[in-house]
>>> print(open('work29.csv').read())   # CSV, C-alpha atoms
chain,number,residue,atom,x,y,z
A,260,MET,CA,0.8,-21.9,-29.6
A,261,ASP,CA,-2.4,-22.7,-31.3
A,262,ARG,CA,-5.2,-20.2,-30.6
A,263,THR,CA,-8.9,-20.7,-31.2
A,264,GLN,CA,-12.2,-18.9,-30.9
A,265,THR,CA,-15.5,-20.5,-29.9
A,266,SER,CA,-17.2,-21.9,-33.0
A,267,LYS,CA,-20.9,-21.1,-33.5
A,268,SER,CA,-21.8,-24.8,-33.4
A,269,ARG,CA,-20.2,-25.3,-29.9
A,270,ARG,CA,-20.7,-21.9,-28.4
A,271,LEU,CA,-23.2,-21.4,-25.7
A,272,VAL,CA,-23.3,-17.7,-24.8
A,273,ARG,CA,-25.4,-16.2,-22.1
A,274,LEU,CA,-24.7,-12.6,-21.3
A,275,THR,CA,-26.8,-10.4,-19.0
A,276,LYS,CA,-25.5,-6.9,-19.1
A,277,ALA,CA,-26.6,-4.2,-16.6
A,278,VAL,CA,-25.9,-0.7,-17.5
A,279,ALA,CA,-24.1,1.0,-14.6
A,280,ALA,CA,-25.3,4.6,-14.1
A,281,ALA,CA,-23.0,6.9,-12.1
A,282,ALA,CA,-24.7,9.4,-9.8
A,283,LEU,CA,-23.2,12.8,-10.4
A,284,THR,CA,-23.2,15.9,-8.3
A,285,ALA,CA,-22.2,18.7,-10.6
A,286,THR,CA,-22.4,22.5,-10.6
A,287,ALA,CA,-22.7,24.3,-13.9
A,288,ALA,CA,-19.4,25.9,-14.8
A,289,LEU,CA,-18.5,29.0,-16.9
A,290,THR,CA,-15.1,29.1,-18.5
A,291,LEU,CA,-13.6,32.6,-18.5
A,292,GLY,CA,-11.1,33.6,-21.2
A,293,GLY,CA,-7.7,34.8,-20.3
A,294,SER,CA,-7.5,33.4,-16.8
A,295,ALA,CA,-4.7,34.6,-14.5
A,296,HIS,CA,-1.4,32.8,-14.4
A,297,ALA,CA,-1.4,30.4,-11.5
A,298,VAL,CA,1.1,28.0,-9.8
A,299,THR,CA,-0.1,25.0,-7.8
A,300,SER,CA,2.0,23.5,-5.0
A,301,ALA,CA,1.4,20.4,-2.9
A,302,GLY,CA,0.7,20.9,0.8
A,303,GLY,CA,1.4,17.7,2.8
A,304,ALA,CA,-0.6,14.7,3.4
A,305,TYR,CA,-4.2,14.4,2.2
A,306,ASN,CA,-6.9,15.2,4.7
A,307,SER,CA,-10.5,14.9,3.5
A,308,GLY,CA,-13.5,16.6,4.8
A,309,THR,CA,-11.9,19.9,5.7
A,310,SER,CA,-14.4,22.2,7.5
A,311,ASN,CA,-13.5,25.8,7.9
A,312,THR,CA,-15.8,28.8,8.2
A,313,MET,CA,-15.0,31.6,5.8
A,314,SER,CA,-16.6,35.0,5.2
A,315,ASP,CA,-18.0,35.9,1.8
A,316,GLY,CA,-18.1,39.6,2.7
A,317,SER,CA,-21.8,39.5,3.6
A,318,ASN,CA,-21.1,39.1,7.3
A,319,THR,CA,-18.6,40.4,9.8
A,320,PRO,CA,-15.8,41.0,9.6
A,321,ALA,CA,-16.5,43.0,6.5
A,322,PRO,CA,-13.8,43.4,3.8
A,323,PRO,CA,-11.5,46.4,4.4
A,324,THR,CA,-11.9,47.8,0.8
A,325,GLN,CA,-14.6,47.9,-1.9
A,326,ASN,CA,-12.4,46.0,-4.3
A,327,LEU,CA,-12.0,43.1,-1.8
A,328,ALA,CA,-15.7,43.2,-1.1
A,329,ASN,CA,-16.4,42.9,-4.8
A,330,LEU,CA,-14.1,39.9,-5.1
A,331,ALA,CA,-15.3,38.2,-1.9
A,332,HIS,CA,-19.0,38.5,-2.9
A,333,ASN,CA,-18.4,37.4,-6.5
A,334,MET,CA,-16.2,34.3,-6.1
A,335,TRP,CA,-18.0,31.0,-6.9
A,336,VAL,CA,-16.8,27.5,-7.0
A,337,ALA,CA,-17.8,24.7,-9.5
A,338,SER,CA,-16.9,21.0,-9.1
A,339,LYS,CA,-17.5,17.7,-10.8
A,340,GLY,CA,-15.8,14.4,-9.9
A,341,VAL,CA,-12.5,15.3,-8.2
A,342,SER,CA,-12.2,18.5,-10.2
A,343,ALA,CA,-12.9,22.0,-8.7
A,344,ALA,CA,-12.4,25.5,-9.8
A,345,ALA,CA,-12.7,28.9,-8.2
A,346,HIS,CA,-14.0,31.6,-10.5
A,347,LEU,CA,-14.0,35.4,-10.4
A,348,ASP,CA,-15.7,37.6,-13.0
A,349,ARG,CA,-14.0,40.4,-14.8
A,350,GLY,CA,-14.1,44.1,-13.9
A,351,LEU,CA,-14.3,43.8,-10.1
A,352,VAL,CA,-11.3,45.9,-9.2
A,353,SER,CA,-10.9,49.7,-9.8
A,354,GLY,CA,-8.6,52.5,-8.9
A,355,GLY,CA,-5.4,50.9,-10.2
A,356,SER,CA,-5.1,48.3,-7.5
A,357,SER,CA,-3.6,44.9,-8.1
A,358,VAL,CA,-4.8,41.8,-6.1
A,359,ALA,CA,-2.7,38.7,-5.4
A,360,ILE,CA,-4.7,35.6,-4.7
A,361,THR,CA,-3.8,32.4,-2.9
A,362,VAL,CA,-6.4,29.6,-3.2
A,363,LYS,CA,-6.2,26.7,-0.7
A,364,TRP,CA,-7.7,23.4,-1.8
A,365,GLY,CA,-8.7,22.0,1.6
A,366,SER,CA,-5.5,21.0,3.2
A,367,VAL,CA,-4.0,19.3,0.1
A,368,ALA,CA,-2.5,22.1,-2.0
A,369,GLN,CA,-2.6,25.8,-2.8
A,370,THR,CA,-2.6,27.8,-6.0
A,371,THR,CA,-1.2,31.4,-6.3
A,372,GLY,CA,-1.8,34.0,-9.0
A,373,TYR,CA,-3.1,37.6,-9.7
A,374,TYR,CA,-6.6,38.6,-10.4
A,375,ASN,CA,-7.1,39.5,-14.1
A,376,ASN,CA,-9.4,42.5,-14.2
A,377,THR,CA,-9.8,42.3,-18.0
A,378,TYR,CA,-10.8,38.7,-18.3
A,379,GLY,CA,-11.6,37.5,-14.9
A,380,SER,CA,-9.7,34.6,-13.2
A,381,ARG,CA,-10.0,30.9,-12.8
A,382,PHE,CA,-8.0,28.7,-10.4
A,383,ALA,CA,-8.4,25.0,-10.8
A,384,PHE,CA,-7.3,21.8,-9.0
A,385,ASN,CA,-7.9,18.0,-9.0
A,386,PHE,CA,-8.4,16.6,-5.5
A,387,PRO,CA,-7.3,13.1,-4.6
A,388,ALA,CA,-10.0,10.4,-5.0
A,389,GLY,CA,-9.8,9.4,-1.3
A,390,ASP,CA,-12.2,6.6,-0.6
A,391,GLY,CA,-14.4,7.6,-3.6
A,392,THR,CA,-17.4,8.5,-1.5
A,393,GLN,CA,-18.8,12.1,-1.7
A,394,ARG,CA,-17.2,14.6,0.7
A,395,TRP,CA,-17.2,18.3,1.1
A,396,GLU,CA,-14.0,20.3,0.6
A,397,VAL,CA,-13.5,24.0,1.5
A,398,VAL,CA,-11.9,26.1,-1.2
A,399,SER,CA,-10.6,29.2,0.5
A,400,ALA,CA,-9.0,32.3,-1.1
A,401,THR,CA,-6.8,34.9,0.6
A,402,MET,CA,-6.8,38.1,-1.4
A,403,THR,CA,-4.1,40.8,-0.9
A,404,GLU,CA,-4.8,44.1,-2.5
A,405,ARG,CA,-2.0,46.6,-3.2
A,406,THR,CA,-3.4,50.1,-3.9
A,407,SER,CA,-2.0,52.6,-6.3
A,408,THR,CA,-0.7,54.5,-3.2
A,409,GLY,CA,1.2,51.5,-2.0
A,410,ARG,CA,-1.1,50.5,0.8
A,411,THR,CA,-1.8,46.7,1.4
A,412,TYR,CA,-5.1,45.1,2.5
A,413,THR,CA,-5.8,41.4,3.0
A,414,TYR,CA,-9.1,39.5,3.2
A,415,SER,CA,-10.0,35.8,3.2
A,416,THR,CA,-13.2,34.1,1.8
A,417,GLY,CA,-14.2,30.5,1.1
A,418,ARG,CA,-16.8,28.2,-0.3
A,419,SER,CA,-17.6,24.5,0.3
A,420,THR,CA,-18.0,22.2,-2.7
A,421,PRO,CA,-18.8,18.5,-3.2
A,422,ILE,CA,-16.1,16.1,-4.4
A,423,LYS,CA,-17.0,12.6,-5.6
A,424,ALA,CA,-14.5,10.6,-7.6
A,425,LEU,CA,-15.6,9.1,-11.0
A,426,TRP,CA,-13.7,6.6,-13.1
A,427,ASP,CA,-13.7,4.9,-16.5
A,428,VAL,CA,-13.2,1.2,-16.2
A,429,SER,CA,-12.7,-1.4,-18.9
A,430,PHE,CA,-11.8,-5.1,-19.2
A,431,SER,CA,-10.0,-6.7,-22.2
A,432,PRO,CA,-11.1,-10.0,-23.7
A,433,LEU,CA,-10.3,-13.1,-21.6
A,434,ASP,CA,-7.5,-15.4,-22.6
A,435,PHE,CA,-7.7,-19.1,-21.7
A,436,VAL,CA,-4.7,-21.5,-22.2
A,437,LEU,CA,-5.1,-25.2,-21.3
A,438,LEU,CA,-1.9,-26.2,-19.6
A,439,THR,CA,-2.7,-29.9,-19.0
A,440,ASP,CA,-5.2,-32.2,-20.7
A,441,CYS,CA,-8.5,-32.9,-19.2
A,442,ALA,CA,-9.2,-35.8,-21.6
A,443,ASN,CA,-7.2,-38.9,-22.0
A,444,PHE,CA,-7.8,-38.9,-25.7
A,445,GLY,CA,-8.5,-36.1,-28.2
A,446,ASP,CA,-9.4,-32.5,-27.3
A,447,SER,CA,-10.6,-31.6,-23.8
A,448,ASN,CA,-14.1,-30.2,-23.7
A,449,VAL,CA,-14.3,-27.2,-21.5
A,450,ASN,CA,-17.3,-25.3,-20.1
A,451,LEU,CA,-16.3,-21.9,-18.8
A,452,TYR,CA,-18.3,-19.5,-16.7
A,453,PHE,CA,-17.5,-15.9,-15.6
A,454,THR,CA,-19.3,-13.4,-13.4
A,455,TYR,CA,-18.6,-9.8,-12.6
A,456,SER,CA,-20.8,-6.7,-11.9
A,457,GLY,CA,-24.0,-7.1,-13.9
A,458,VAL,CA,-22.5,-9.6,-16.4
A,459,GLN,CA,-22.5,-13.4,-16.5
A,460,GLY,CA,-21.2,-15.5,-19.4
A,461,GLN,CA,-21.1,-19.2,-20.3
A,462,PHE,CA,-18.9,-20.7,-23.1
A,463,SER,CA,-18.1,-24.2,-24.3
A,464,PHE,CA,-15.1,-25.1,-26.5
A,465,GLY,CA,-12.6,-27.8,-27.2
A,466,LEU,CA,-8.8,-27.5,-26.7
A,467,GLY,CA,-5.7,-29.6,-26.7
A,468,ARG,CA,-2.8,-29.1,-24.3
A,469,ASN,CA,-1.1,-25.7,-24.6
A,470,GLN,CA,-3.8,-24.4,-26.9
A,471,ALA,CA,-5.3,-21.0,-26.3
A,472,HIS,CA,-8.8,-19.7,-26.6
A,473,ASP,CA,-9.9,-16.1,-26.6
A,474,ILE,CA,-13.3,-14.9,-25.3
A,475,PRO,CA,-13.9,-11.4,-26.7
A,476,GLU,CA,-17.4,-11.3,-25.0
A,477,PHE,CA,-15.6,-11.0,-21.7
A,478,ALA,CA,-14.6,-7.4,-22.6
A,479,HIS,CA,-16.7,-4.7,-21.0
A,480,SER,CA,-16.5,-0.9,-20.3
A,481,TRP,CA,-18.1,1.5,-17.9
A,482,THR,CA,-17.9,5.3,-18.1
A,483,GLU,CA,-18.1,7.7,-15.1
A,484,VAL,CA,-18.7,5.2,-12.4
A,485,GLY,CA,-18.1,5.5,-8.7
A,486,VAL,CA,-17.7,3.3,-5.7
A,487,ALA,CA,-21.5,3.2,-5.3
A,488,ASP,CA,-21.7,1.3,-8.5
A,489,ASP,CA,-19.9,-1.6,-6.7
A,490,LEU,CA,-17.8,-2.9,-9.6
A,491,ARG,CA,-16.4,-6.3,-8.7
A,492,VAL,CA,-13.3,-8.2,-9.8
A,493,PRO,CA,-14.2,-10.9,-12.3
A,494,ASN,CA,-14.6,-14.5,-11.0
A,495,VAL,CA,-14.0,-17.4,-13.5
A,496,ASP,CA,-14.7,-21.1,-13.2
A,497,PHE,CA,-14.3,-23.9,-15.7
A,498,TYR,CA,-15.3,-27.6,-15.9
A,499,ASP,CA,-14.2,-30.7,-17.7
A,500,GLU,CA,-17.4,-31.4,-19.7
A,501,ASP,CA,-16.6,-35.1,-19.9
A,502,PHE,CA,-16.0,-35.7,-16.2
A,503,HIS,CA,-19.5,-36.0,-15.0
A,504,PHE,CA,-19.9,-39.7,-14.7
A,505,SER,CA,-20.7,-39.6,-10.9
A,506,GLY,CA,-23.4,-37.0,-11.4
A,507,ALA,CA,-21.9,-35.1,-8.4
A,508,TRP,CA,-21.0,-31.9,-10.2
A,509,VAL,CA,-23.7,-29.3,-10.9
A,510,GLU,CA,-22.3,-26.6,-13.2
A,511,GLY,CA,-23.4,-23.0,-12.9
A,512,PRO,CA,-22.3,-19.3,-13.0
A,513,ALA,CA,-19.2,-18.4,-11.0
A,514,ALA,CA,-20.0,-16.7,-7.7
A,515,LEU,CA,-19.8,-12.9,-7.5
A,516,SER,CA,-16.4,-11.9,-6.1
A,517,ASN,CA,-16.2,-10.0,-2.9
A,518,GLN,CA,-13.2,-7.9,-4.2
A,519,ARG,CA,-14.2,-4.4,-5.3
A,520,ILE,CA,-12.4,-2.6,-8.1
A,521,LEU,CA,-12.9,0.9,-6.9
A,522,PRO,CA,-11.4,3.1,-5.5
A,523,ALA,CA,-8.2,2.7,-7.5
A,524,GLY,CA,-5.5,4.8,-9.1
A,525,THR,CA,-5.3,5.4,-12.8
A,526,GLY,CA,-3.4,2.7,-14.6
A,527,SER,CA,-3.3,-0.5,-16.6
A,528,TYR,CA,-3.3,-3.8,-14.7
A,529,SER,CA,-2.6,-7.3,-16.0
A,530,GLU,CA,-4.3,-10.2,-14.2
A,531,SER,CA,-3.0,-13.8,-14.8
A,532,TRP,CA,-3.3,-16.9,-12.7
A,533,VAL,CA,-3.3,-20.7,-13.0
A,534,GLN,CA,-6.5,-22.5,-12.1
A,535,SER,CA,-7.8,-26.0,-11.9
A,536,ALA,CA,-11.1,-27.2,-13.3
A,537,VAL,CA,-13.7,-27.4,-10.6
A,538,ASN,CA,-14.4,-31.1,-11.2
A,539,ASP,CA,-11.0,-32.3,-12.5
A,540,GLY,CA,-7.3,-31.8,-11.9
A,541,CYS,CA,-6.5,-30.3,-15.3
A,542,GLN,CA,-5.2,-26.8,-15.2
A,543,ALA,CA,-5.3,-23.6,-17.3
A,544,ARG,CA,-3.8,-20.2,-17.3
A,545,ILE,CA,-6.5,-17.4,-17.3
A,546,SER,CA,-5.6,-13.8,-18.2
A,547,TYR,CA,-7.1,-10.4,-18.8
A,548,SER,CA,-6.2,-6.8,-18.5
A,549,LEU,CA,-7.9,-4.0,-16.7
A,550,GLN,CA,-7.8,-0.3,-17.5
A,551,ILE,CA,-8.8,2.3,-14.9
A,552,VAL,CA,-8.9,6.1,-15.4
A,553,LEU,CA,-9.8,8.6,-12.8
A,554,ARG,CA,-11.9,11.2,-14.5
A,555,THR,CA,-11.0,14.9,-14.4
A,556,TYR,CA,-13.1,17.8,-15.8
A,557,ASN,CA,-12.8,21.4,-16.9
A,558,VAL,CA,-15.2,23.1,-14.5
>>> encode(input="work29.csv", output="structure tokens")
Amino acid sequence: MDRTQTSKSRRLVRLTKAVAAAALTATAALTLGGSAHAVTSAGGAYNSGTSNTMSDGSNTPAPPTQNLANLAHNMWVASKGVSAAAHLDRGLVSGGSSVAITVKWGSVAQTTGYYNNTYGSRFAFNFPAGDGTQRWEVVSATMTERTSTGRTYTYSTGRSTPIKALWDVSFSPLDFVLLTDCANFGDSNVNLYFTYSGVQGQFSFGLGRNQAHDIPEFAHSWTEVGVADDLRVPNVDFYDEDFHFSGAWVEGPAALSNQRILPAGTGSYSESWVQSAVNDGCQARISYSLQIVLRTYNV
């Protein structure tokens, strides 16, 4: 298969690019060295917007021991995107006690481990993206203290934190293969238009049957975008430049698609379809690939 790229003498390029800015809600995070060993287990179907009331030790009922009061008062939660982490500073437990901790991430999963009095502890989890809009999740911790004398005390505390999915999205160059001739003689003269979020392009080129043409300017990338950025699936139209004798065809940018890209799972997606010229019966295969990555963070 012959493959061409638009020559400078025939290329008409009109690109209007809008920079997509993702709104982030982030809490500053401190990474503690030597975090406690933790194991995360799934906990059934996803249910967003969990709303529980937990004590932080400043109200009733009060923690049963000073060690548990120290931990309950100190625990803080940081989040960015779908990532959240519960933090406990070091040196909060005295008297030879050990404290087992189970952290529940809404109703999605739970993490278990022991508080590390030397280094402090960090328990982390990546929530499902859900519908991509911001929601509040409750991160609750059940702390079980076993004293040096063998007595056991338990206390629960919790914090609410915002979760709002962010993605990296990128398009590959566009590949255009003319399957049937538009012209009776010689190369077919094609005018191609594409439109997607904040970007429009117009290109002109000549091809014979089964020849391919790449449009690298179609490629585009966004970083840390959310559903509010309203990224749309690309829409592509093409015209036979020589089929305008009736004057009935007015060319212009392809309409903005009503299909939204986000929310979506992480993955690579290949899009390919056969399409006819808007003003003629000749056909082409149009293809591109889409890469989507759900962002996670060390918070």
>>> closest_residue(input="work29.csv", among="A:Gln325, A:Ser356, A:Asn385, A:Asn450", to="A:Gln369", atoms="only C-alpha atoms")
A:Asn385
>>> residues_around(input="work29.csv", residues="A:Ala359", least_positions_apart="2", cutoff="8 Å", atoms="all atoms listed in the file", output="PyMOL selection string")
chain A and resi 357+361+371-374+402-404
>>> closest_residue(input="work29.csv", among="A:Gln459, A:Ser431, A:Thr413, A:Ser531", to="A:Pro475", atoms="all atoms listed in the file")
A:Ser431
>>> closest_residue(input="work29.csv", among="A:Gln542, A:Asn517, A:Val358, A:Met334", to="A:Val449", atoms="all atoms listed in the file")
A:Gln542
>>> atom_distance(input="work29.csv", atom1="atom CA of A:Ile360", atom2="atom CA of A:Ala400")
6.5 Å
>>> residues_around(input="work29.csv", residues="stretch 433-445 of chain A", least_positions_apart="3", cutoff="8 Å", atoms="only C-alpha atoms", output="PyMOL selection string")
chain A and resi 448+466-475+477-478+499+501+539-547
>>> atom_distance(input="work29.csv", atom1="atom CA of A:Arg349", atom2="atom CA of A:Leu327")
13.4 Å
>>> residues_around(input="work29.csv", residues="A:Arg418", least_positions_apart="5", cutoff="7 Å", atoms="all atoms listed in the file", output="ChimeraX atom specification")
/A:336,397-399
>>> atom_distance(input="work29.csv", atom1="atom CA of A:Ser366", atom2="atom CA of A:Gly389")
13.2 Å
>>> closest_residue(input="work29.csv", among="A:Glu500, A:Lys339, A:Phe384, A:Tyr414", to="A:Ala321", atoms="only C-alpha atoms")
A:Tyr414
>>> closest_residue(input="work29.csv", among="A:Ser456, A:Thr555, A:Ser415, A:Ser480", to="A:Arg519", atoms="only C-alpha atoms")
A:Ser456
>>> closest_residue(input="work29.csv", among="A:Leu330, A:Ala514, A:Ala523, A:Leu553", to="A:Thr416", atoms="only C-alpha atoms")
A:Leu330
>>> residues_around(input="work29.csv", residues="A:Trp395", least_positions_apart="5", cutoff="7 Å", atoms="all atoms listed in the file", output="compact mmCIF listing (two decimals) with C-alpha atoms, in the frame of the given file")
# COMPACT_ATOMS: atom_id res chain seq x y z
CA GLY A 308 -13.50 16.60 4.80
CA SER A 419 -17.60 24.50 0.30
CA THR A 420 -18.00 22.20 -2.70
CA PRO A 421 -18.80 18.50 -3.20
CA ILE A 422 -16.10 16.10 -4.40
>>> residues_around(input="work29.csv", residues="A:Trp481", least_positions_apart="2", cutoff="8 Å", atoms="all atoms listed in the file", output="VMD selection string")
chain A and resid 279 427 to 429 479 483 to 484
>>> build_atoms(input="work29.csv", residues="stretch 535-546 of chain A", atoms="all heavy atoms", output="PDB file, in the frame of the given file")
ATOM      1  N   SER A 535      -7.336 -24.680 -11.591  1.00  0.00           N
ATOM      2  CA  SER A 535      -7.800 -26.000 -11.900  1.00  0.00           C
ATOM      3  C   SER A 535      -9.247 -26.070 -12.240  1.00  0.00           C
ATOM      4  O   SER A 535     -10.017 -25.239 -11.734  1.00  0.00           O
ATOM      5  CB  SER A 535      -7.483 -26.984 -10.744  1.00  0.00           C
ATOM      6  OG  SER A 535      -6.098 -27.065 -10.478  1.00  0.00           O
ATOM      7  N   ALA A 536      -9.643 -27.030 -13.040  1.00  0.00           N
ATOM      8  CA  ALA A 536     -11.100 -27.200 -13.300  1.00  0.00           C
ATOM      9  C   ALA A 536     -11.761 -27.565 -11.983  1.00  0.00           C
ATOM     10  O   ALA A 536     -11.189 -28.220 -11.099  1.00  0.00           O
ATOM     11  CB  ALA A 536     -11.266 -28.357 -14.300  1.00  0.00           C
ATOM     12  N   VAL A 537     -12.995 -27.116 -11.839  1.00  0.00           N
ATOM     13  CA  VAL A 537     -13.700 -27.400 -10.600  1.00  0.00           C
ATOM     14  C   VAL A 537     -13.909 -28.842 -10.349  1.00  0.00           C
ATOM     15  O   VAL A 537     -13.844 -29.296  -9.197  1.00  0.00           O
ATOM     16  CB  VAL A 537     -15.128 -26.662 -10.685  1.00  0.00           C
ATOM     17  CG1 VAL A 537     -15.976 -26.999  -9.466  1.00  0.00           C
ATOM     18  CG2 VAL A 537     -14.971 -25.164 -10.824  1.00  0.00           C
ATOM     19  N   ASN A 538     -14.086 -29.640 -11.402  1.00  0.00           N
ATOM     20  CA  ASN A 538     -14.400 -31.100 -11.200  1.00  0.00           C
ATOM     21  C   ASN A 538     -13.280 -31.977 -11.747  1.00  0.00           C
ATOM     22  O   ASN A 538     -13.498 -33.172 -11.960  1.00  0.00           O
ATOM     23  CB  ASN A 538     -15.695 -31.409 -11.963  1.00  0.00           C
ATOM     24  CG  ASN A 538     -15.609 -31.169 -13.466  1.00  0.00           C
ATOM     25  OD1 ASN A 538     -14.765 -30.409 -13.925  1.00  0.00           O
ATOM     26  ND2 ASN A 538     -16.492 -31.821 -14.221  1.00  0.00           N
ATOM     27  N   ASP A 539     -12.070 -31.470 -11.942  1.00  0.00           N
ATOM     28  CA  ASP A 539     -11.000 -32.300 -12.500  1.00  0.00           C
ATOM     29  C   ASP A 539      -9.668 -31.631 -12.100  1.00  0.00           C
ATOM     30  O   ASP A 539      -9.623 -30.476 -11.661  1.00  0.00           O
ATOM     31  CB  ASP A 539     -11.118 -32.421 -13.999  1.00  0.00           C
ATOM     32  CG  ASP A 539     -10.330 -33.599 -14.547  1.00  0.00           C
ATOM     33  OD1 ASP A 539      -9.565 -34.215 -13.780  1.00  0.00           O
ATOM     34  OD2 ASP A 539     -10.472 -33.900 -15.750  1.00  0.00           O
ATOM     35  N   GLY A 540      -8.574 -32.356 -12.296  1.00  0.00           N
ATOM     36  CA  GLY A 540      -7.300 -31.800 -11.900  1.00  0.00           C
ATOM     37  C   GLY A 540      -6.571 -31.079 -13.046  1.00  0.00           C
ATOM     38  O   GLY A 540      -5.465 -30.573 -12.842  1.00  0.00           O
ATOM     39  N   CYS A 541      -7.158 -31.023 -14.251  1.00  0.00           N
ATOM     40  CA  CYS A 541      -6.500 -30.300 -15.300  1.00  0.00           C
ATOM     41  C   CYS A 541      -6.442 -28.822 -15.052  1.00  0.00           C
ATOM     42  O   CYS A 541      -7.304 -28.263 -14.375  1.00  0.00           O
ATOM     43  CB  CYS A 541      -7.207 -30.594 -16.665  1.00  0.00           C
ATOM     44  SG  CYS A 541      -8.970 -30.211 -16.677  1.00  0.00           S
ATOM     45  N   GLN A 542      -5.406 -28.162 -15.570  1.00  0.00           N
ATOM     46  CA  GLN A 542      -5.200 -26.800 -15.200  1.00  0.00           C
ATOM     47  C   GLN A 542      -5.106 -25.885 -16.474  1.00  0.00           C
ATOM     48  O   GLN A 542      -4.788 -26.342 -17.577  1.00  0.00           O
ATOM     49  CB  GLN A 542      -3.842 -26.627 -14.463  1.00  0.00           C
ATOM     50  CG  GLN A 542      -3.869 -27.241 -13.076  1.00  0.00           C
ATOM     51  CD  GLN A 542      -2.609 -26.923 -12.311  1.00  0.00           C
ATOM     52  OE1 GLN A 542      -1.505 -26.950 -12.863  1.00  0.00           O
ATOM     53  NE2 GLN A 542      -2.751 -26.620 -11.027  1.00  0.00           N
ATOM     54  N   ALA A 543      -5.395 -24.600 -16.245  1.00  0.00           N
ATOM     55  CA  ALA A 543      -5.300 -23.600 -17.300  1.00  0.00           C
ATOM     56  C   ALA A 543      -4.825 -22.294 -16.770  1.00  0.00           C
ATOM     57  O   ALA A 543      -4.969 -22.001 -15.569  1.00  0.00           O
ATOM     58  CB  ALA A 543      -6.729 -23.406 -17.933  1.00  0.00           C
ATOM     59  N   ARG A 544      -4.205 -21.529 -17.655  1.00  0.00           N
ATOM     60  CA  ARG A 544      -3.800 -20.200 -17.300  1.00  0.00           C
ATOM     61  C   ARG A 544      -4.888 -19.217 -17.855  1.00  0.00           C
ATOM     62  O   ARG A 544      -5.212 -19.260 -19.041  1.00  0.00           O
ATOM     63  CB  ARG A 544      -2.455 -19.788 -17.869  1.00  0.00           C
ATOM     64  CG  ARG A 544      -2.029 -18.339 -17.521  1.00  0.00           C
ATOM     65  CD  ARG A 544      -0.618 -18.045 -17.970  1.00  0.00           C
ATOM     66  NE  ARG A 544       0.337 -18.874 -17.283  1.00  0.00           N
ATOM     67  CZ  ARG A 544       0.805 -18.648 -16.046  1.00  0.00           C
ATOM     68  NH1 ARG A 544       0.344 -17.590 -15.370  1.00  0.00           N
ATOM     69  NH2 ARG A 544       1.680 -19.461 -15.495  1.00  0.00           N
ATOM     70  N   ILE A 545      -5.410 -18.349 -16.970  1.00  0.00           N
ATOM     71  CA  ILE A 545      -6.500 -17.400 -17.300  1.00  0.00           C
ATOM     72  C   ILE A 545      -5.952 -16.007 -17.163  1.00  0.00           C
ATOM     73  O   ILE A 545      -5.358 -15.676 -16.128  1.00  0.00           O
ATOM     74  CB  ILE A 545      -7.723 -17.653 -16.432  1.00  0.00           C
ATOM     75  CG1 ILE A 545      -8.210 -19.100 -16.593  1.00  0.00           C
ATOM     76  CG2 ILE A 545      -8.829 -16.668 -16.767  1.00  0.00           C
ATOM     77  CD1 ILE A 545      -9.282 -19.507 -15.604  1.00  0.00           C
ATOM     78  N   SER A 546      -6.159 -15.167 -18.182  1.00  0.00           N
ATOM     79  CA  SER A 546      -5.600 -13.800 -18.200  1.00  0.00           C
ATOM     80  C   SER A 546      -6.526 -12.796 -18.751  1.00  0.00           C
ATOM     81  O   SER A 546      -7.322 -13.109 -19.649  1.00  0.00           O
ATOM     82  CB  SER A 546      -4.259 -13.791 -18.974  1.00  0.00           C
ATOM     83  OG  SER A 546      -3.358 -14.797 -18.567  1.00  0.00           O
TER      84      SER A 546
END
